$ cat final38.cif   # mmCIF, C-alpha atoms and all ligand atoms; chains and numbers go by the auth columns
data_my_file
loop_
_atom_site.group_PDB
_atom_site.id
_atom_site.type_symbol
_atom_site.label_atom_id
_atom_site.label_comp_id
_atom_site.label_asym_id
_atom_site.label_seq_id
_atom_site.Cartn_x
_atom_site.Cartn_y
_atom_site.Cartn_z
_atom_site.B_iso_or_equiv
_atom_site.auth_seq_id
_atom_site.auth_asym_id
ATOM 1 C CA MET A 1 88.695 100.637 99.784 0.00 15 A
ATOM 2 C CA SER A 2 88.275 100.529 96.018 0.00 16 A
ATOM 3 C CA PRO A 3 89.168 103.664 94.047 0.00 17 A
ATOM 4 C CA ALA A 4 85.495 104.105 93.182 0.00 18 A
ATOM 5 C CA SER A 5 84.607 104.606 96.820 0.00 19 A
ATOM 6 C CA PHE A 6 87.463 107.070 97.299 0.00 20 A
ATOM 7 C CA HIS A 7 85.372 110.047 96.304 0.00 21 A
ATOM 8 C CA GLU A 8 85.737 113.786 96.865 0.00 22 A
ATOM 9 C CA GLY A 9 85.753 114.910 100.460 0.00 23 A
ATOM 10 C CA GLN A 10 87.631 114.076 103.606 0.00 24 A
ATOM 11 C CA HIS A 11 88.802 110.604 104.532 0.00 25 A
ATOM 12 C CA PRO A 12 90.523 109.774 107.818 0.00 26 A
ATOM 13 C CA VAL A 13 93.319 107.402 106.741 0.00 27 A
ATOM 14 C CA TRP A 14 96.525 107.674 108.808 0.00 28 A
ATOM 15 C CA ASP A 15 96.310 106.971 112.520 0.00 29 A
ATOM 16 C CA ARG A 16 98.390 108.849 115.087 0.00 30 A
ATOM 17 C CA PHE A 17 101.071 106.161 115.217 0.00 31 A
ATOM 18 C CA VAL A 18 101.660 106.196 111.438 0.00 32 A
ATOM 19 C CA ARG A 19 102.032 109.995 111.421 0.00 33 A
ATOM 20 C CA LEU A 20 104.345 110.102 114.421 0.00 34 A
ATOM 21 C CA PHE A 21 106.350 107.225 112.924 0.00 35 A
ATOM 22 C CA HIS A 22 106.707 108.973 109.580 0.00 36 A
ATOM 23 C CA TRP A 23 107.947 112.358 110.741 0.00 37 A
ATOM 24 C CA SER A 24 110.174 110.876 113.477 0.00 38 A
ATOM 25 C CA LEU A 25 111.792 108.602 110.888 0.00 39 A
ATOM 26 C CA VAL A 26 112.332 111.555 108.540 0.00 40 A
ATOM 27 C CA ALA A 27 113.980 113.500 111.390 0.00 41 A
ATOM 28 C CA CYS A 28 116.287 110.584 112.343 0.00 42 A
ATOM 29 C CA VAL A 29 117.405 109.974 108.757 0.00 43 A
ATOM 30 C CA LEU A 30 118.080 113.664 108.065 0.00 44 A
ATOM 31 C CA LEU A 31 119.949 114.058 111.375 0.00 45 A
ATOM 32 C CA ASN A 32 122.192 111.091 110.634 0.00 46 A
ATOM 33 C CA TYR A 33 122.853 112.015 107.044 0.00 47 A
ATOM 34 C CA PHE A 34 123.443 115.744 107.397 0.00 48 A
ATOM 35 C CA LEU A 35 124.059 116.802 110.974 0.00 49 A
ATOM 36 C CA LEU A 36 125.487 114.260 113.370 0.00 50 A
ATOM 37 C CA GLU A 37 129.181 113.356 113.423 0.00 51 A
ATOM 38 C CA GLU A 38 129.669 110.156 111.345 0.00 52 A
ATOM 39 C CA GLY A 39 129.789 107.048 113.479 0.00 53 A
ATOM 40 C CA GLU A 40 129.841 108.836 116.866 0.00 54 A
ATOM 41 C CA ARG A 41 127.582 107.855 119.770 0.00 55 A
ATOM 42 C CA PRO A 42 124.635 110.190 118.902 0.00 56 A
ATOM 43 C CA HIS A 43 124.758 108.905 115.292 0.00 57 A
ATOM 44 C CA GLN A 44 124.629 105.322 116.557 0.00 58 A
ATOM 45 C CA TRP A 45 121.682 105.929 118.887 0.00 59 A
ATOM 46 C CA VAL A 46 119.674 107.910 116.368 0.00 60 A
ATOM 47 C CA GLY A 47 120.324 105.122 113.835 0.00 61 A
ATOM 48 C CA TYR A 48 119.172 102.439 116.277 0.00 62 A
ATOM 49 C CA PHE A 49 116.116 104.528 117.145 0.00 63 A
ATOM 50 C CA ALA A 50 115.240 104.739 113.424 0.00 64 A
ATOM 51 C CA ALA A 51 115.558 100.942 113.144 0.00 65 A
ATOM 52 C CA ALA A 52 113.362 100.541 116.247 0.00 66 A
ATOM 53 C CA LEU A 53 110.727 102.826 114.689 0.00 67 A
ATOM 54 C CA VAL A 54 110.690 100.667 111.568 0.00 68 A
ATOM 55 C CA SER A 55 110.397 97.490 113.656 0.00 69 A
ATOM 56 C CA ALA A 56 107.438 98.973 115.551 0.00 70 A
ATOM 57 C CA ARG A 57 105.858 99.956 112.209 0.00 71 A
ATOM 58 C CA ILE A 58 106.158 96.364 111.011 0.00 72 A
ATOM 59 C CA VAL A 59 104.230 95.193 114.066 0.00 73 A
ATOM 60 C CA TRP A 60 101.689 97.974 113.462 0.00 74 A
ATOM 61 C CA GLY A 61 101.307 96.641 109.926 0.00 75 A
ATOM 62 C CA PHE A 62 99.582 93.617 111.468 0.00 76 A
ATOM 63 C CA VAL A 63 97.667 95.136 114.368 0.00 77 A
ATOM 64 C CA GLY A 64 97.191 98.812 113.423 0.00 78 A
ATOM 65 C CA SER A 65 94.213 100.648 111.947 0.00 79 A
ATOM 66 C CA HIS A 66 92.696 99.677 108.574 0.00 80 A
ATOM 67 C CA HIS A 67 94.959 101.584 106.159 0.00 81 A
ATOM 68 C CA ALA A 68 98.074 101.009 108.276 0.00 82 A
ATOM 69 C CA ARG A 69 97.888 97.249 107.711 0.00 83 A
ATOM 70 C CA PHE A 70 100.036 95.457 105.145 0.00 84 A
ATOM 71 C CA ALA A 71 96.934 93.582 104.014 0.00 85 A
ATOM 72 C CA ASP A 72 95.471 96.917 102.840 0.00 86 A
ATOM 73 C CA PHE A 73 98.396 97.917 100.615 0.00 87 A
ATOM 74 C CA PHE A 74 100.940 95.108 100.204 0.00 88 A
ATOM 75 C CA PRO A 75 102.209 95.523 96.625 0.00 89 A
ATOM 76 C CA THR A 76 101.316 92.117 95.204 0.00 90 A
ATOM 77 C CA PRO A 77 102.172 91.556 91.500 0.00 91 A
ATOM 78 C CA SER A 78 98.507 91.823 90.520 0.00 92 A
ATOM 79 C CA ARG A 79 97.968 95.084 92.429 0.00 93 A
ATOM 80 C CA LEU A 80 101.157 96.505 90.892 0.00 94 A
ATOM 81 C CA LYS A 81 100.162 95.427 87.391 0.00 95 A
ATOM 82 C CA HIS A 82 96.708 96.952 87.700 0.00 96 A
ATOM 83 C CA HIS A 83 98.133 100.228 89.041 0.00 97 A
ATOM 84 C CA VAL A 84 100.905 100.575 86.436 0.00 98 A
ATOM 85 C CA GLN A 85 98.477 99.788 83.611 0.00 99 A
ATOM 86 C CA ALA A 86 96.126 102.480 84.888 0.00 100 A
ATOM 87 C CA LEU A 87 98.985 105.001 85.100 0.00 101 A
ATOM 88 C CA LEU A 88 100.226 104.173 81.590 0.00 102 A
ATOM 89 C CA ALA A 89 96.709 104.633 80.251 0.00 103 A
ATOM 90 C CA SER A 90 96.459 107.986 82.103 0.00 104 A
ATOM 91 C CA ARG A 91 93.541 106.593 84.063 0.00 105 A
ATOM 92 C CA PRO A 92 93.459 107.933 87.617 0.00 106 A
ATOM 93 C CA ASP A 93 93.787 105.138 90.187 0.00 107 A
ATOM 94 C CA PRO A 94 93.698 106.893 93.554 0.00 108 A
ATOM 95 C CA HIS A 95 93.794 104.854 96.748 0.00 109 A
ATOM 96 C CA ALA A 96 92.562 105.849 100.162 0.00 110 A
ATOM 97 C CA GLY A 97 95.665 104.213 101.669 0.00 111 A
ATOM 98 C CA HIS A 98 99.014 103.630 99.901 0.00 112 A
ATOM 99 C CA ASN A 99 98.962 102.917 96.189 0.00 113 A
ATOM 100 C CA PRO A 100 101.025 99.835 95.157 0.00 114 A
ATOM 101 C CA LEU A 101 104.017 101.839 93.872 0.00 115 A
ATOM 102 C CA GLY A 102 104.033 104.003 96.993 0.00 116 A
ATOM 103 C CA ALA A 103 103.867 100.835 99.078 0.00 117 A
ATOM 104 C CA LEU A 104 106.832 99.350 97.198 0.00 118 A
ATOM 105 C CA MET A 105 108.820 102.507 97.911 0.00 119 A
ATOM 106 C CA MET A 106 107.763 102.465 101.568 0.00 120 A
ATOM 107 C CA LEU A 107 109.034 98.889 101.945 0.00 121 A
ATOM 108 C CA SER A 108 112.335 99.809 100.241 0.00 122 A
ATOM 109 C CA LEU A 109 112.838 102.831 102.508 0.00 123 A
ATOM 110 C CA MET A 110 112.160 100.767 105.618 0.00 124 A
ATOM 111 C CA SER A 111 114.499 97.965 104.445 0.00 125 A
ATOM 112 C CA LEU A 112 117.276 100.486 103.820 0.00 126 A
ATOM 113 C CA VAL A 113 116.904 101.860 107.357 0.00 127 A
ATOM 114 C CA LEU A 114 117.108 98.341 108.822 0.00 128 A
ATOM 115 C CA ALA A 115 120.147 97.532 106.651 0.00 129 A
ATOM 116 C CA LEU A 116 121.827 100.750 107.884 0.00 130 A
ATOM 117 C CA GLY A 117 121.194 99.685 111.473 0.00 131 A
ATOM 118 C CA LEU A 118 122.765 96.287 110.786 0.00 132 A
ATOM 119 C CA THR A 119 125.813 97.533 108.846 0.00 133 A
ATOM 120 C CA GLY A 120 126.290 100.312 111.424 0.00 134 A
ATOM 121 C CA TRP A 121 126.234 97.823 114.290 0.00 135 A
ATOM 122 C CA LEU A 122 128.598 95.407 112.511 0.00 136 A
ATOM 123 C CA GLN A 123 131.196 98.168 112.161 0.00 137 A
ATOM 124 C CA GLY A 124 131.512 98.206 115.934 0.00 138 A
ATOM 125 C CA THR A 125 132.001 94.443 116.343 0.00 139 A
ATOM 126 C CA ASP A 126 135.473 92.888 116.852 0.00 140 A
ATOM 127 C CA THR A 127 135.144 90.839 113.666 0.00 141 A
ATOM 128 C CA TYR A 128 134.292 93.680 111.296 0.00 142 A
ATOM 129 C CA PHE A 129 135.919 96.673 112.984 0.00 143 A
ATOM 130 C CA GLY A 130 137.730 98.836 110.419 0.00 144 A
ATOM 131 C CA GLU A 131 136.565 96.779 107.405 0.00 145 A
ATOM 132 C CA GLU A 132 136.561 99.153 104.494 0.00 146 A
ATOM 133 C CA TRP A 133 134.009 97.230 102.408 0.00 147 A
ATOM 134 C CA LEU A 134 131.524 97.472 105.282 0.00 148 A
ATOM 135 C CA GLN A 135 132.071 101.218 105.656 0.00 149 A
ATOM 136 C CA ASN A 136 131.514 101.577 101.923 0.00 150 A
ATOM 137 C CA LEU A 137 128.385 99.437 102.069 0.00 151 A
ATOM 138 C CA HIS A 138 127.011 101.584 104.924 0.00 152 A
ATOM 139 C CA LYS A 139 127.759 104.727 102.941 0.00 153 A
ATOM 140 C CA GLY A 140 126.191 103.266 99.773 0.00 154 A
ATOM 141 C CA LEU A 141 123.028 102.306 101.677 0.00 155 A
ATOM 142 C CA ALA A 142 122.809 105.815 103.156 0.00 156 A
ATOM 143 C CA ASN A 143 123.122 107.365 99.690 0.00 157 A
ATOM 144 C CA ALA A 144 120.528 104.964 98.264 0.00 158 A
ATOM 145 C CA LEU A 145 118.188 105.924 101.122 0.00 159 A
ATOM 146 C CA MET A 146 118.527 109.648 100.426 0.00 160 A
ATOM 147 C CA LEU A 147 118.057 109.169 96.688 0.00 161 A
ATOM 148 C CA SER A 148 114.947 107.027 97.252 0.00 162 A
ATOM 149 C CA ALA A 149 113.545 109.448 99.844 0.00 163 A
ATOM 150 C CA GLY A 150 113.948 112.323 97.369 0.00 164 A
ATOM 151 C CA LEU A 151 112.123 110.356 94.705 0.00 165 A
ATOM 152 C CA HIS A 152 109.448 109.367 97.248 0.00 166 A
ATOM 153 C CA ALA A 153 108.827 112.967 98.364 0.00 167 A
ATOM 154 C CA ALA A 154 108.716 114.165 94.723 0.00 168 A
ATOM 155 C CA ALA A 155 106.275 111.364 93.826 0.00 169 A
ATOM 156 C CA ALA A 156 104.043 112.333 96.769 0.00 170 A
ATOM 157 C CA LEU A 157 103.916 115.914 95.486 0.00 171 A
ATOM 158 C CA VAL A 158 103.326 114.965 91.835 0.00 172 A
ATOM 159 C CA MET A 159 100.758 112.217 92.512 0.00 173 A
ATOM 160 C CA GLY A 160 98.952 114.515 94.931 0.00 174 A
ATOM 161 C CA ARG A 161 98.573 117.057 92.110 0.00 175 A
ATOM 162 C CA LEU A 162 97.510 114.473 89.528 0.00 176 A
ATOM 163 C CA GLU A 163 94.987 112.820 91.829 0.00 177 A
ATOM 164 C CA ARG A 164 93.777 116.096 93.317 0.00 178 A
ATOM 165 C CA THR A 165 94.499 114.821 96.814 0.00 179 A
ATOM 166 C CA ARG A 166 96.461 116.541 99.577 0.00 180 A
ATOM 167 C CA LEU A 167 98.802 113.630 100.322 0.00 181 A
ATOM 168 C CA VAL A 168 101.446 115.461 102.336 0.00 182 A
ATOM 169 C CA LYS A 169 98.885 117.291 104.460 0.00 183 A
ATOM 170 C CA ALA A 170 97.257 113.922 105.124 0.00 184 A
ATOM 171 C CA MET A 171 100.502 112.632 106.641 0.00 185 A
ATOM 172 C CA VAL A 172 100.268 115.567 109.092 0.00 186 A
ATOM 173 C CA THR A 173 96.562 115.628 109.932 0.00 187 A
ATOM 174 C CA GLY A 174 95.680 111.999 109.158 0.00 188 A
ATOM 175 C CA ILE A 175 92.861 113.113 106.859 0.00 189 A
ATOM 176 C CA LYS A 176 93.091 112.742 103.071 0.00 190 A
ATOM 177 C CA GLU A 177 91.256 115.500 101.242 0.00 191 A
ATOM 178 C CA ARG A 178 90.189 115.034 97.618 0.00 192 A
ATOM 179 C CA TYR A 179 89.204 118.247 95.902 0.00 193 A
HETATM 180 C C1 LIG B . 119.199 105.991 109.645 0.00 201 B
HETATM 181 C C2 LIG B . 120.276 105.279 109.855 0.00 201 B
HETATM 182 C C3 LIG B . 121.679 105.727 109.437 0.00 201 B
HETATM 183 C C4 LIG B . 122.064 106.575 108.436 0.00 201 B
HETATM 184 C C5 LIG B . 121.189 107.369 107.460 0.00 201 B
HETATM 185 C C6 LIG B . 123.518 106.621 108.474 0.00 201 B
HETATM 186 C C7 LIG B . 124.295 107.357 107.613 0.00 201 B
HETATM 187 C C8 LIG B . 125.689 107.435 107.637 0.00 201 B
HETATM 188 C C9 LIG B . 126.496 108.215 106.759 0.00 201 B
HETATM 189 C C10 LIG B . 125.978 109.124 105.643 0.00 201 B
HETATM 190 C C11 LIG B . 127.808 108.004 107.109 0.00 201 B
HETATM 191 C C12 LIG B . 129.032 108.633 106.448 0.00 201 B
HETATM 192 C C13 LIG B . 129.617 107.665 105.465 0.00 201 B
HETATM 193 C C14 LIG B . 130.843 108.231 104.796 0.00 201 B
HETATM 194 O O1 LIG B . 130.754 109.270 104.123 0.00 201 B
HETATM 195 O O2 LIG B . 131.923 107.625 104.953 0.00 201 B
HETATM 196 C C15 LIG B . 127.829 107.099 108.216 0.00 201 B
HETATM 197 C C16 LIG B . 128.976 106.649 108.864 0.00 201 B
HETATM 198 C C17 LIG B . 128.980 105.794 109.935 0.00 201 B
HETATM 199 N N1 LIG B . 127.866 105.253 110.557 0.00 201 B
HETATM 200 FE FE1 LIG B . 125.941 105.487 110.034 0.00 201 B
HETATM 201 N N2 LIG B . 123.966 105.796 109.472 0.00 201 B
HETATM 202 C C18 LIG B . 122.872 105.222 110.094 0.00 201 B
HETATM 203 C C19 LIG B . 122.899 104.343 111.170 0.00 201 B
HETATM 204 C C20 LIG B . 124.042 103.930 111.853 0.00 201 B
HETATM 205 C C21 LIG B . 124.069 103.045 113.009 0.00 201 B
HETATM 206 C C22 LIG B . 122.840 102.427 113.684 0.00 201 B
HETATM 207 C C23 LIG B . 125.390 102.890 113.365 0.00 201 B
HETATM 208 C C24 LIG B . 126.030 102.103 114.478 0.00 201 B
HETATM 209 C C25 LIG B . 125.460 101.621 115.520 0.00 201 B
HETATM 210 C C26 LIG B . 126.175 103.656 112.441 0.00 201 B
HETATM 211 C C27 LIG B . 127.546 103.722 112.464 0.00 201 B
HETATM 212 C C28 LIG B . 128.320 104.455 111.598 0.00 201 B
HETATM 213 C C29 LIG B . 129.782 104.471 111.615 0.00 201 B
HETATM 214 C C30 LIG B . 130.671 103.733 112.625 0.00 201 B
HETATM 215 C C31 LIG B . 130.190 105.321 110.588 0.00 201 B
HETATM 216 C C32 LIG B . 131.606 105.713 110.194 0.00 201 B
HETATM 217 C C33 LIG B . 132.016 104.843 109.052 0.00 201 B
HETATM 218 C C34 LIG B . 133.347 105.263 108.502 0.00 201 B
HETATM 219 O O3 LIG B . 134.300 105.326 109.277 0.00 201 B
HETATM 220 O O4 LIG B . 133.404 105.516 107.305 0.00 201 B
HETATM 221 N N3 LIG B . 125.336 104.282 111.535 0.00 201 B
HETATM 222 N N4 LIG B . 126.514 106.753 108.516 0.00 201 B
HETATM 223 C C1 LIG B . 114.070 110.448 104.869 0.00 202 B
HETATM 224 C C2 LIG B . 112.964 110.771 104.329 0.00 202 B
HETATM 225 C C3 LIG B . 111.704 109.921 104.303 0.00 202 B
HETATM 226 C C4 LIG B . 111.480 108.624 104.647 0.00 202 B
HETATM 227 C C5 LIG B . 112.487 107.590 105.156 0.00 202 B
HETATM 228 C C6 LIG B . 110.052 108.363 104.417 0.00 202 B
HETATM 229 C C7 LIG B . 109.424 107.152 104.644 0.00 202 B
HETATM 230 C C8 LIG B . 108.074 106.920 104.471 0.00 202 B
HETATM 231 C C9 LIG B . 107.393 105.703 104.844 0.00 202 B
HETATM 232 C C10 LIG B . 108.063 104.489 105.497 0.00 202 B
HETATM 233 C C11 LIG B . 106.081 105.858 104.530 0.00 202 B
HETATM 234 C C12 LIG B . 104.945 104.878 104.803 0.00 202 B
HETATM 235 C C13 LIG B . 104.180 105.424 106.006 0.00 202 B
HETATM 236 C C14 LIG B . 103.394 104.368 106.749 0.00 202 B
HETATM 237 O O1 LIG B . 102.466 103.757 106.208 0.00 202 B
HETATM 238 O O2 LIG B . 103.726 104.135 107.923 0.00 202 B
HETATM 239 C C15 LIG B . 105.921 107.159 103.936 0.00 202 B
HETATM 240 C C16 LIG B . 104.729 107.694 103.479 0.00 202 B
HETATM 241 C C17 LIG B . 104.582 108.995 103.028 0.00 202 B
HETATM 242 N N1 LIG B . 105.560 109.973 102.977 0.00 202 B
HETATM 243 FE FE1 LIG B . 107.488 109.723 103.457 0.00 202 B
HETATM 244 N N2 LIG B . 109.455 109.514 103.958 0.00 202 B
HETATM 245 C C18 LIG B . 110.426 110.478 103.885 0.00 202 B
HETATM 246 C C19 LIG B . 110.265 111.803 103.505 0.00 202 B
HETATM 247 C C20 LIG B . 109.080 112.359 103.113 0.00 202 B
HETATM 248 C C21 LIG B . 108.889 113.753 102.762 0.00 202 B
HETATM 249 C C22 LIG B . 109.987 114.820 102.745 0.00 202 B
HETATM 250 C C23 LIG B . 107.572 113.900 102.432 0.00 202 B
HETATM 251 C C24 LIG B . 106.857 115.161 101.988 0.00 202 B
HETATM 252 C C25 LIG B . 106.981 115.657 100.795 0.00 202 B
HETATM 253 C C26 LIG B . 106.931 112.616 102.578 0.00 202 B
HETATM 254 C C27 LIG B . 105.614 112.357 102.344 0.00 202 B
HETATM 255 C C28 LIG B . 104.988 111.140 102.509 0.00 202 B
HETATM 256 C C29 LIG B . 103.573 110.909 102.218 0.00 202 B
HETATM 257 C C30 LIG B . 102.603 111.931 101.674 0.00 202 B
HETATM 258 C C31 LIG B . 103.330 109.570 102.530 0.00 202 B
HETATM 259 C C32 LIG B . 101.988 108.837 102.357 0.00 202 B
HETATM 260 C C33 LIG B . 101.814 108.509 100.916 0.00 202 B
HETATM 261 C C34 LIG B . 100.433 107.961 100.619 0.00 202 B
HETATM 262 O O3 LIG B . 99.462 108.714 100.745 0.00 202 B
HETATM 263 O O4 LIG B . 100.332 106.768 100.277 0.00 202 B
HETATM 264 N N3 LIG B . 107.876 111.698 102.995 0.00 202 B
HETATM 265 N N4 LIG B . 107.148 107.803 103.927 0.00 202 B
#

$ encode --input "final38.cif" --output "structure tokens"
Amino acid sequence: MSPASFHEGQHPVWDRFVRLFHWSLVACVLLNYFLLEEGERPHQWVGYFAAALVSARIVWGFVGSHHARFADFFPTPSRLKHHVQALLASRPDPHAGHNPLGALMMLSLMSLVLALGLTGWLQGTDTYFGEEWLQNLHKGLANALMLSAGLHAAAALVMGRLERTRLVKAMVTGIKERY
């Protein structure tokens, strides 16, 4: 949908799968970072579940509803350029689905979760068991994920204000409201 057609009012954008995916992923990441014992069984399963959620989301990116599809928001260089130029010129450039910068962040967050699944799994293999560099890599990826997620949540709040759109509420109800 072009920004021009994203007018005031209510727009159903996020399907049930996207919303369930989002908040389940948030829960898994927070559990593994803050609550569960490092490297123990529950940590491993929650981490694998997070990676499975991301894998399912990738499939959904091809077969899901309109705004859930990669084709709708994939941050191509030209989409990114257009969006950044609009931001720098203080021109609003709201999108019904993900804007290109949000999409770039989404892809980074999902890649970090997959990389955590891989580095977590490798730590349990005979070849890499006890390798300090791998433990450090896993830890570094986890910290990068938390830092990015913080930035992502802050950006959702700030952009929502600037574009007069209830972005966070939309991830709960599925309906984007412009006011
Ligand atoms: C969302 C995914 C995950 C996150 C956010 C996460 C996060 C973390 C964090 C913060 C630590 C502590 C690092 C430190 O301070 O030393 C850790 C340790 C560990 N994680 Fe994960 N993890 C994830 C997935 C996994 C998976 C899937 C596995 C294995 C199947 C795994 C295995 C381990 C192990 C074995 C340790 C202990 C490493 C050590 O001895 O230093 N993690 N993880
Ligand atoms: C560990 C923390 C988080 C992770 C890994 C994460 C990951 C993601 C991902 C992968 C998406 C894309 C959704 C999709 O199309 O399937 C997304 C979108 C979104 N997230 Fe998060 N998120 C996190 C925390 C948060 C928090 C705390 C908030 C609330 C402030 C939030 C608000 C949003 C919103 C509003 C969108 C949609 C943005 C738009 O309208 O384009 N996220 N997030």

$ resolve_selection --input "final38.cif" --expression "the PyMOL selection byres (((not hetatm)) within 6 of (chain B and resi 202))" --output "ChimeraX atom specification"
/A:32,36,39-40,43,82,111-113,116,120,123-124,163,167,170,181-182,185

$ closest_residue --input "final38.cif" --among "A:Leu34, A:Ala156, A:Leu50, A:Leu102" --to "ligand LIG 201 (chain B)" --atoms "all atoms listed in the file"
A:Ala156

$ closest_residue --input "final38.cif" --among "A:His25, A:His57, A:His81, A:Arg105" --to "ligand LIG 201 (chain B)" --atoms "only C-alpha atoms and all ligand atoms"
A:His57

$ residues_near_ligand --input "final38.cif" --ligand "ligand LIG 201 (chain B)" --cutoff "8 Å" --atoms "all atoms listed in the file" --output "compact mmCIF listing (two decimals) with C-alpha atoms, in the coordinates of the input"
# COMPACT_ATOMS: atom_id res chain seq x y z
CA LEU A 39 111.79 108.60 110.89
CA CYS A 42 116.29 110.58 112.34
CA VAL A 43 117.40 109.97 108.76
CA LEU A 44 118.08 113.66 108.06
CA LEU A 45 119.95 114.06 111.38
CA ASN A 46 122.19 111.09 110.63
CA TYR A 47 122.85 112.02 107.04
CA PHE A 48 123.44 115.74 107.40
CA GLU A 52 129.67 110.16 111.34
CA GLY A 53 129.79 107.05 113.48
CA GLU A 54 129.84 108.84 116.87
CA ARG A 55 127.58 107.86 119.77
CA HIS A 57 124.76 108.90 115.29
CA GLN A 58 124.63 105.32 116.56
CA TRP A 59 121.68 105.93 118.89
CA VAL A 60 119.67 107.91 116.37
CA GLY A 61 120.32 105.12 113.84
CA TYR A 62 119.17 102.44 116.28
CA PHE A 63 116.12 104.53 117.14
CA ALA A 64 115.24 104.74 113.42
CA ALA A 65 115.56 100.94 113.14
CA VAL A 127 116.90 101.86 107.36
CA LEU A 128 117.11 98.34 108.82
CA LEU A 130 121.83 100.75 107.88
CA GLY A 131 121.19 99.68 111.47
CA LEU A 132 122.76 96.29 110.79
CA THR A 133 125.81 97.53 108.85
CA GLY A 134 126.29 100.31 111.42
CA TRP A 135 126.23 97.82 114.29
CA LEU A 136 128.60 95.41 112.51
CA GLN A 137 131.20 98.17 112.16
CA GLY A 138 131.51 98.21 115.93
CA GLY A 144 137.73 98.84 110.42
CA GLU A 146 136.56 99.15 104.49
CA GLN A 149 132.07 101.22 105.66
CA ASN A 150 131.51 101.58 101.92
CA HIS A 152 127.01 101.58 104.92
CA LYS A 153 127.76 104.73 102.94
CA GLY A 154 126.19 103.27 99.77
CA LEU A 155 123.03 102.31 101.68
CA ALA A 156 122.81 105.82 103.16
CA ASN A 157 123.12 107.36 99.69
CA LEU A 159 118.19 105.92 101.12
CA MET A 160 118.53 109.65 100.43

$ closest_residue --input "final38.cif" --among "A:Tyr193, A:Phe20, A:Phe31, A:Phe143" --to "Arg71 of chain A" --atoms "all atoms listed in the file"
A:Phe31

$ atom_distance --input "final38.cif" --atom1 "atom CA of Trp28 of chain A" --atom2 "atom CA of Ala129 of chain A"
25.8 Å

$ atom_distance --input "final38.cif" --atom1 "atom CA of Leu126 of chain A" --atom2 "atom CA of Ser162 of chain A"
9.6 Å

$ closest_residue --input "final38.cif" --among "A:Phe88, A:Gly188, A:Met119, A:Thr141" --to "Ala169 of chain A" --atoms "all atoms listed in the file"
A:Met119

$ atom_distance --input "final38.cif" --atom1 "atom CA of Ser92 of chain A" --atom2 "atom CA of Glu177 of chain A"
21.3 Å

$ resolve_selection --input "final38.cif" --expression "the PyMOL selection byres (((chain A and resi 24) around 8) and not hetatm)" --output "number ranges by chain"
A: 22-23, 25-26, 189-192

$ residues_around --input "final38.cif" --residues "Phe35 of chain A" --least-positions-apart "6" --cutoff "9 Å" --atoms "all atoms listed in the file" --output "number ranges by chain"
A: 67-68, 70-71

$ residues_around --input "final38.cif" --residues "Pro108 of chain A" --least-positions-apart "6" --cutoff "12 Å" --atoms "only C-alpha atoms" --output "list in words"
Met15, Ser16, Pro17, Ala18, Ser19, Phe20, His21, Glu22, His96, His97, Val98, Ala100, Leu101, Pro114, Leu115, Gly116, Met173, Gly174, Arg175, Leu176, Glu177, Arg178, Thr179, Arg180, Leu181, Lys190, Glu191 and Arg192 of chain A

$ closest_residue --input "final38.cif" --among "A:Ala110, A:Ile72, A:Val77, A:Val186" --to "Ser125 of chain A" --atoms "all atoms listed in the file"
A:Ile72

$ closest_residue --input "final38.cif" --among "A:Ser122, A:Thr139, A:Asp107, A:Thr187" --to "Ala158 of chain A" --atoms "all atoms listed in the file"
A:Ser122
